[in-house]
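**Q** Let me give you the structure first, and then I'll get to my questions.
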Amino acid sequence: MAVTEAAEPQAAAAAAGTDADDAVEVGGLAGLLGSADHLVIGRLFVATSLLLLIVGRVAGLLVDVERVDTSSLSILDEHAGQVFSLHLVVDLLLFLVPAFLGIAIAIVPLQIGASTVAFPRAVAASYWAWLLSSGVLLAGYLVDGGPAGVGTDRDGVLLWIVGLGGALGALLVATVCLLTTVLTLRTAGMSLDRVPMFTWTSFVAGVVWLVSLPVAVAVLVLNYLDVRYGAGVGVDSQLWWVFGAPQVFAFALPALGLLLDAVPVAAGARLRSRGVLLAAVVVAGLLTFGADLLAAGEDPSILGDALYVGGSIALLLPLLVIAGGVAEAARRGTLALSSPVVFGFLSLLLLLAAAVVNAVRVIDSLDLIGTSADAAVRELVVVAGLLGVAGAAHYWATKLFGTQLKEGLGRLAALVVFVGGLAVGVPDLISGFLDQPDGIAELASVEDGVEALNVVTALGGLVVLAGVALVIANLLTGRSDGEVPADPWDGHTLEWATASPPILGAQGPIEAVTSATPLLDTKEAQA
Amino acid sequence: MSTELAVYVPIEELTNVAPPAPARPRVLLMATVLASAAVAVGFAGLLAVYLSRRSAAVAADGTWLPDGVDLPLTPGNMMLVGFGLSLVFMHWAVDAIGNDDRRHTWLAFGAVLVVGAYYFVGTGFLYNQSGFAVNTPEGALFYAVTGAHLAITGAGLLFTSLMAFRTLGGQYSAKDREGVVAATVYWWVVALTYAVLWYAIYVTK
C-alpha cells in the first residue's frame with residue numbers, strides 16, 4: 001500500500017484475499033520500524049519527545065544558572081547563545097509540537113470513530129524523519145553549530161539548519177495526516193461540531209501550524225544559502241517569531257482540549273454552550289498565528305502596531321471563555337479531582353498567566369518587549385504545554401500505553417511542574433521590569449535585584465525538571481497487570497467504547513453518533 | 001404467483017459476490033488541499049523576504065539587480081503560457097477520466113509532463129542568461145524563490161506521474177476520479193504560484 005492510500009485493515013485484507021485476523025504480526029525491532037499502527041507511532045512521538053524535553057530543560061537550567069551572575073558568562077562562555085537556542089528549539093519543536101501530535105495521532109482516530117489515521121505509512125515516515133532530523137539538529141550543536149555557531153567552521157550551522165528544516169517538514173507531514181483524518185474519517189453522524197474537544201483543539205492547532213511553520217522552513221532555506229555561500233541575505237533574526245508570542249501559544253493549544261474533555265467526564269456533566277467553546281478555540285487559534293511577524297526580528301517597531309498589541313490583549317478573551325465553560329461544567333456536576341483534571345486545570349492557569357503577562361508586555365509605556373518578560377511568556381506556555389501533554393498521557397494512558405497510571409504520583413507531578421513553572425515565569429517577568437534582556441546577551445546592563453530573581457528562576461527550572469522525572473517515572477511504572485479497563489473514567493466520547501489498549505481497526509459498539517457525547521447517550525439510554 | 005417470490009434477497013447472497021464497498025471519503029483530495037496550502041504559505045514566505053529585500057535595496061540605492069545581471073522576460077512569458085496550457089491539459093484529464101476515456105487521460109497527463117519538463121529546461125536557460133551569483137543577496141534570493149518553485153513543480157510532476165500510473169493500472173474511472181482531481185488541484189497551486197513569481201520577479205524585476 002502506498003503512503004497516499006488509507007485503506008482500512010479489513011478492506012486491505014479483503015483485497016489481498018485474506019482475513020485481517022490471519023495477518024502475520026512482526027514483533028521486535030522490525031515490527032517497531034515497520035509499524036504503521038497509529039497507536040505505536042503516537043507512543044513513539046510521545047516517548048521520544050519526553051526524552052528530548054530533558055535535553056531542553058537541562059539546557060534551560062544551564063542558561064538560568066549562567067544568569068545568576070550577570071557580570072560575565074562564566075560557565076557557558078562563548079557557547080551561551082548556542083545553549084540558549086538549544087533550549088528554545090528543543091522545548092518547542094522537539095517536545096511540545098511532536099508530543100501533542102503523537103497524542104493526537106493515537107487518540108483522535110479513536111475519538112472520531114475512525115479505524116486508523118489517514119495515510120498511516122506517511123505518519124510513520126514522518127516520525128522516523130523527525131527523529132532522524134532531530135538527531136542531525138543535535139549533532140549540529142555537538143560540532144559547534146546552532147543558529148549562528150561561534151567558530152569559523154560552518155558545517156555545524158549547516159547541520160543545524162538541515163536538521164531543523166527536516167524536523168519541521170516531518171511535523172508538517174504528520175499534521176496534514178492528522179487534519180485529513182479529522183476532516184474525512186469521522187464516523188457516521190459525527191459532524192465537525194460534534195467532535196470531542198481534544199480533537200477540535202488539535203485540529204485548530206494543526207491548522208495554525210500548517211499555515212505558519214512553512215514560513216519558518218522558507219527562512220531556513222535562505223539561511224542555508226547565507227551560511228553555505230556567504231550570500232549575506234541576513235535572515236538570522238527572521239525565525240524569532242517561532243519562539244515568541246503569540247506563536248508559542250499555538251503550540252500549547254491542544255492542552256485546552258484535554259481540560260475540556262476531562263472536566264465534564266470528571267464532573268459527570270455535559271458541556272453547555274458547546275458552540276461558544278468551539279468558537280473560542282478557533283478565535284484563540286487565529287490570535288496565535290505568528291508568521292505575519294516575519295520581519296519583526298529586524299524591525300521591532302512592528303510589535304508596536306495596533307494589530308499586534310490588540311491581538312495580544314484579545315488572546316485573553318477566548319481563554320477566559322474556555323475557563324468559564326470548564327468552571328460551569330465543574331460547578332454543575334460533582335467534580336472528582338483526578339490527575340488529568342489537576343493537570344488540565346493547572347495547565348489552564350499557566351496559560352492564563354502567560355496570556356496576562358503577554359498582554360502586559362505589549363503595553364508600550366512599560367517597555368517590556370525584548371526583555372525577559374518575553375521569556376516569561378514562553379516559559380509559562382511551555383510548562384502549560386508540558387502539563388497538557390502529561391495530563392493527556394494520564395487521561396488516555398489505558399488507550400495509549402495499555403496501563404493505568406498512579407493517581408497520587410500523577411497529582412504530585414502536576415503540582416511540582418506547576419510550582420516550577422510559576423517559579424520560572426514570575427521572576428522572569430519581574431526581571432523584565434528591571435531591564436534584563438531575553439536570552440543571555442548584554443547581561444551587564446541589568447539593574448540590582450535581577451541576580452536574586454535569576455536564582456529563583458534557576459531553582460524553578462530544577463523543580464520543573466524534577467516534575468518531568470516524576471511524569472516519566474509514572475509512565476514507566478504504570479500498572480499493566482490484570483485487565484486494563486476500557487472506560488476507567490466513565491467517559492462520554494467514542495474512544496472509551498473501544499478496548500484498552502485498542503485493537504487496530506476495531507470499532508466500538510456505537511453505530512451512529514447523534515450528539516457530541518455518544519457514549520454518554522448510550523449509557524443514559526441503557527440506564 | 002407465489003408470494004415467496006416477492007421476498008427481497010440481496011443479490012450478494014444469490015451470487016456470493018462481495019457487497020459494494022462503502023463510499024470512500026475523499027482522503028487523498030483533502031490531504032492534497034492541505035499540503036497545497038502549506039506549500040503556498042512556504043512559497044509566500046520566501047517571496048515576502050525577496051520583496052522586502054528588493055524594496056529596501058531600491059529605497060537605498062534606487063536599484064535591485066546588480067551590474068551585469070539581466071532578467072529577460074521572454075522565457076518567463078513562455079513558461080507562463082506553458083503553465084496556462086498545462087491547466088487545460090489537466091482539466092482535459094479530469095474530463096476524460098470522467099468519461100472513462102483512459103487513452104485521452106494518459107494523453108492529457110503526458111502533455112502536462114512535457115510542459116513540466118519544458119519548465120525545467122526554460123528555467124535552466126534563464127539561469128544561464130541571467131548571470132546571478134549565488135553568493136550575493138540578490139542571487140541567493142532569486143535562486144531560492146525560483147529554485148523553490150522548481151521543487152514545487154517537481155513534486156507536482158511526481159504526483160501527476162503517480163496518478164497517471166494509477167490510472168494506467170485501472171484504479172481511477174468515471175466512478176472514482178479522486179486521484180486525478182487531486183493532481184489537478186495541486187497543479188493549480190503550481191501554476192498560480194508561478195504566475196505570482198512571474199509578476200513579482202520577472203515583470204517588476
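Chains: A, B, ... in order of the C-alpha cells. Residues: from 1 per chain. Ligands: from 1, in order shown.
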May I have the residues within 10 Å of stretch 131-146 of chain B as a count of residues only, using only C-alpha atoms and disregarding those fewer than 4 positions away in the same chain?
**A** 45
**Q** I need the residues of stretch 111-359 of chain A that end up classed as alpha helix (DSSP H) by DSSP on the backbone, written out as JSON, numbers by chain.
**A** {"A": [111, 120, 121, 122, 123, 124, 125, 126, 127, 128, 129, 130, 131, 132, 133, 134, 135, 136, 137, 138, 139, 140, 141, 142, 155, 156, 157, 158, 159, 160, 161, 162, 163, 164, 165, 166, 167, 168, 169, 170, 171, 172, 173, 174, 175, 176, 177, 178, 179, 180, 181, 182, 183, 184, 197, 198, 199, 200, 201, 202, 203, 204, 205, 206, 207, 208, 209, 210, 211, 212, 213, 214, 215, 216, 217, 218, 219, 220, 221, 222, 223, 224, 225, 226, 227, 228, 229, 247, 248, 249, 250, 251, 252, 254, 255, 256, 257, 258, 259, 260, 261, 262, 263, 264, 265, 266, 267, 274, 275, 276, 277, 278, 279, 280, 281, 282, 283, 284, 285, 286, 287, 306, 307, 308, 309, 310, 311, 312, 313, 314, 316, 317, 318, 319, 320, 321, 322, 323, 324, 325, 326, 327, 328, 329, 330, 331, 332, 339, 340, 341, 342, 343, 344, 345, 346, 347, 348, 349, 350, 351, 352, 353, 354, 355, 356, 357, 358, 359]}
**Q** Contacts of A:Ala47 at 10 Å or less, counting only C-alpha atoms, minus same-chain residues fewer than 4 places along, as a compact mmCIF listing (two decimals) with C-alpha atoms, in the first residue's frame?
**A**
```txt
# COMPACT_ATOMS: atom_id res chain seq x y z
CA ILE A 41 3.57 5.92 16.18
CA GLY A 42 1.76 8.09 18.71
CA ARG A 43 3.56 6.35 21.57
CA LEU A 51 13.19 12.26 26.49
CA LEU A 52 14.24 15.19 24.32
CA LEU A 53 12.50 17.54 26.74
CA PHE A 95 8.96 18.43 22.52
CA PRO A 98 5.62 16.40 18.44
CA ALA A 99 4.26 15.37 21.85
CA GLY A 102 1.78 11.97 18.99
CA ILE A 472 8.32 9.78 33.24
CA LEU A 475 4.67 6.35 32.81
```
**Q** Would you pick out the contacts of A:Pro254 at 12 Å or less, using only C-alpha atoms, so that residues sharing its chain but fewer than 2 positions from it are not included, and give the list as a PDB file with C-alpha atoms, in the first residue's frame?
**A**
```pdb
ATOM      1  CA  LEU A  96       5.727  20.414  22.544  1.00  0.00           C
ATOM      2  CA  VAL A  97       4.588  20.051  18.930  1.00  0.00           C
ATOM      3  CA  PRO A  98       5.617  16.396  18.443  1.00  0.00           C
ATOM      4  CA  ALA A  99       4.262  15.367  21.852  1.00  0.00           C
ATOM      5  CA  PHE A 100       0.823  16.803  21.118  1.00  0.00           C
ATOM      6  CA  LEU A 101       0.975  15.404  17.582  1.00  0.00           C
ATOM      7  CA  GLY A 102       1.777  11.969  18.989  1.00  0.00           C
ATOM      8  CA  ILE A 103      -1.125  12.028  21.405  1.00  0.00           C
ATOM      9  CA  ALA A 104      -3.455  13.313  18.691  1.00  0.00           C
ATOM     10  CA  VAL A 108      -8.045  11.389  17.569  1.00  0.00           C
ATOM     11  CA  PRO A 196     -14.577  15.744  21.054  1.00  0.00           C
ATOM     12  CA  MET A 197     -12.842  18.879  22.291  1.00  0.00           C
ATOM     13  CA  PHE A 198      -9.334  17.393  22.202  1.00  0.00           C
ATOM     14  CA  THR A 199      -9.882  16.553  18.539  1.00  0.00           C
ATOM     15  CA  TRP A 200     -11.162  20.077  17.940  1.00  0.00           C
ATOM     16  CA  THR A 201      -8.279  21.848  19.669  1.00  0.00           C
ATOM     17  CA  SER A 202      -5.768  19.567  17.920  1.00  0.00           C
ATOM     18  CA  PHE A 203      -7.469  20.362  14.624  1.00  0.00           C
ATOM     19  CA  VAL A 204      -7.370  24.127  15.187  1.00  0.00           C
ATOM     20  CA  ALA A 205      -3.777  23.984  16.429  1.00  0.00           C
ATOM     21  CA  GLY A 206      -2.848  21.814  13.427  1.00  0.00           C
ATOM     22  CA  VAL A 207      -4.300  24.368  11.021  1.00  0.00           C
ATOM     23  CA  VAL A 208      -2.270  27.146  12.671  1.00  0.00           C
ATOM     24  CA  TRP A 209       0.889  25.022  12.475  1.00  0.00           C
ATOM     25  CA  PHE A 249       0.530  29.736  22.308  1.00  0.00           C
ATOM     26  CA  ALA A 250      -0.383  27.798  19.152  1.00  0.00           C
ATOM     27  CA  PHE A 251       1.983  25.008  20.197  1.00  0.00           C
ATOM     28  CA  ALA A 252       0.133  24.549  23.512  1.00  0.00           C
ATOM     29  CA  LEU A 256      -7.156  23.110  26.355  1.00  0.00           C
ATOM     30  CA  GLY A 257      -8.753  20.100  24.684  1.00  0.00           C
ATOM     31  CA  LEU A 258      -7.629  17.793  27.475  1.00  0.00           C
ATOM     32  CA  LEU A 259      -9.292  20.053  30.044  1.00  0.00           C
ATOM     33  CA  LEU A 260     -12.484  20.433  28.006  1.00  0.00           C
ATOM     34  CA  ASP A 261     -12.741  16.654  27.606  1.00  0.00           C
ATOM     35  CA  VAL A 281     -10.859  27.733  20.446  1.00  0.00           C
ATOM     36  CA  VAL A 282     -10.980  28.979  16.848  1.00  0.00           C
ATOM     37  CA  ALA A 284      -7.636  31.584  20.177  1.00  0.00           C
ATOM     38  CA  GLY A 285      -6.104  29.781  17.186  1.00  0.00           C
ATOM     39  CA  GLY A 344      -5.666  20.283  32.936  1.00  0.00           C
ATOM     40  CA  SER A 347      -2.221  23.949  32.568  1.00  0.00           C
ATOM     41  CA  LEU A 348      -5.080  26.404  32.009  1.00  0.00           C
ATOM     42  CA  LEU A 351      -1.805  29.572  30.005  1.00  0.00           C
ATOM     43  CA  VAL A 381       3.414  28.414  27.797  1.00  0.00           C
ATOM     44  CA  ALA A 384       1.475  24.760  30.468  1.00  0.00           C
ATOM     45  CA  GLY A 385       2.001  22.590  27.399  1.00  0.00           C
ATOM     46  CA  LEU A 386       4.023  20.108  29.431  1.00  0.00           C
ATOM     47  CA  LEU A 387       1.151  19.874  31.913  1.00  0.00           C
ATOM     48  CA  GLY A 388      -1.220  19.334  28.994  1.00  0.00           C
ATOM     49  CA  VAL A 389       0.920  16.576  27.484  1.00  0.00           C
ATOM     50  CA  ALA A 390       1.374  14.846  30.844  1.00  0.00           C
ATOM     51  CA  GLY A 391      -2.330  15.211  31.626  1.00  0.00           C
ATOM     52  CA  ALA A 392      -3.292  13.747  28.273  1.00  0.00           C
TER      53      ALA A 392
END
```
**Q** When distances are computed from only C-alpha atoms, which of A:Thr116, A:Ser126, A:Gln247, A:Thr184 shows the smallest separation from chain B?
**A**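 Of A:Thr116, A:Ser126, A:Gln247, A:Thr184, the one nearest chain B, counting only C-alpha atoms, is A:Thr184.
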**Q** May I ask for the distance between atom CA of A:Ala397 and atom CA of A:Gly268, given in Å to one decimal place?
**A** 20.0 Å
**Q** Do a neighbour search on B:Gly122 at 9 Å with only C-alpha atoms, toss out local chain neighbours closer than 5 positions, and write the hits as number ranges by chain.
**A** B: 75-76, 78-79, 117, 127
**Q** With only C-alpha atoms as the basis for distance, which of A:Ser312, A:Asn474, A:Gln526, A:Gln238 is at the shortest distance from chain B?
**A**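 Among the listed residues, A:Gln238 lies closest to chain B.
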**Q** I'd like the neighbourhood of B:Ser161 as an MDAnalysis selection string, where a residue qualifies if any of its atoms comes within 8 Å (using only C-alpha atoms), though same-chain residues fewer than 3 positions away should be ignored.
**A** chainID B and resid 109 113 157:158 164:165
**Q** Pick out the closest residue to chain A from this set: B:His104, B:His149, B:Arg26, B:His91. Count only C-alpha atoms.
**A**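 Result for the nearest residue to chain A: B:Arg26.
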**Q** In Å, how far is it from atom CA of A:Phe401 to atom CA of A:Leu39?
**A**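 Taking atom CA of A:Phe401 and atom CA of A:Leu39, their separation equals 8.5 Å.
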**Q** By how many Å are atom CA of A:Thr175 and atom CA of B:Thr32 apart?
**A** 12.5 Å
**Q** Restricting the calculation to only C-alpha atoms, which member of B:Ser55, B:Ser36, B:Thr153, B:Asn128 is positioned closest to chain A?
**A** B:Ser36
**Q** Counting only C-alpha atoms, which of A:Ala30, A:Ala188, A:Val426, A:Val83 gets nearest to chain B?
**A**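 Smallest distance to chain B is found for A:Ala188.
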**Q** Measuring between only C-alpha atoms, which one of B:Glu178, B:Asp100, B:Asp61, B:Asp95 shows the shortest distance to chain A?
**A**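 Going through B:Glu178, B:Asp100, B:Asp61, B:Asp95 one by one, the smallest distance to chain A is for B:Glu178.
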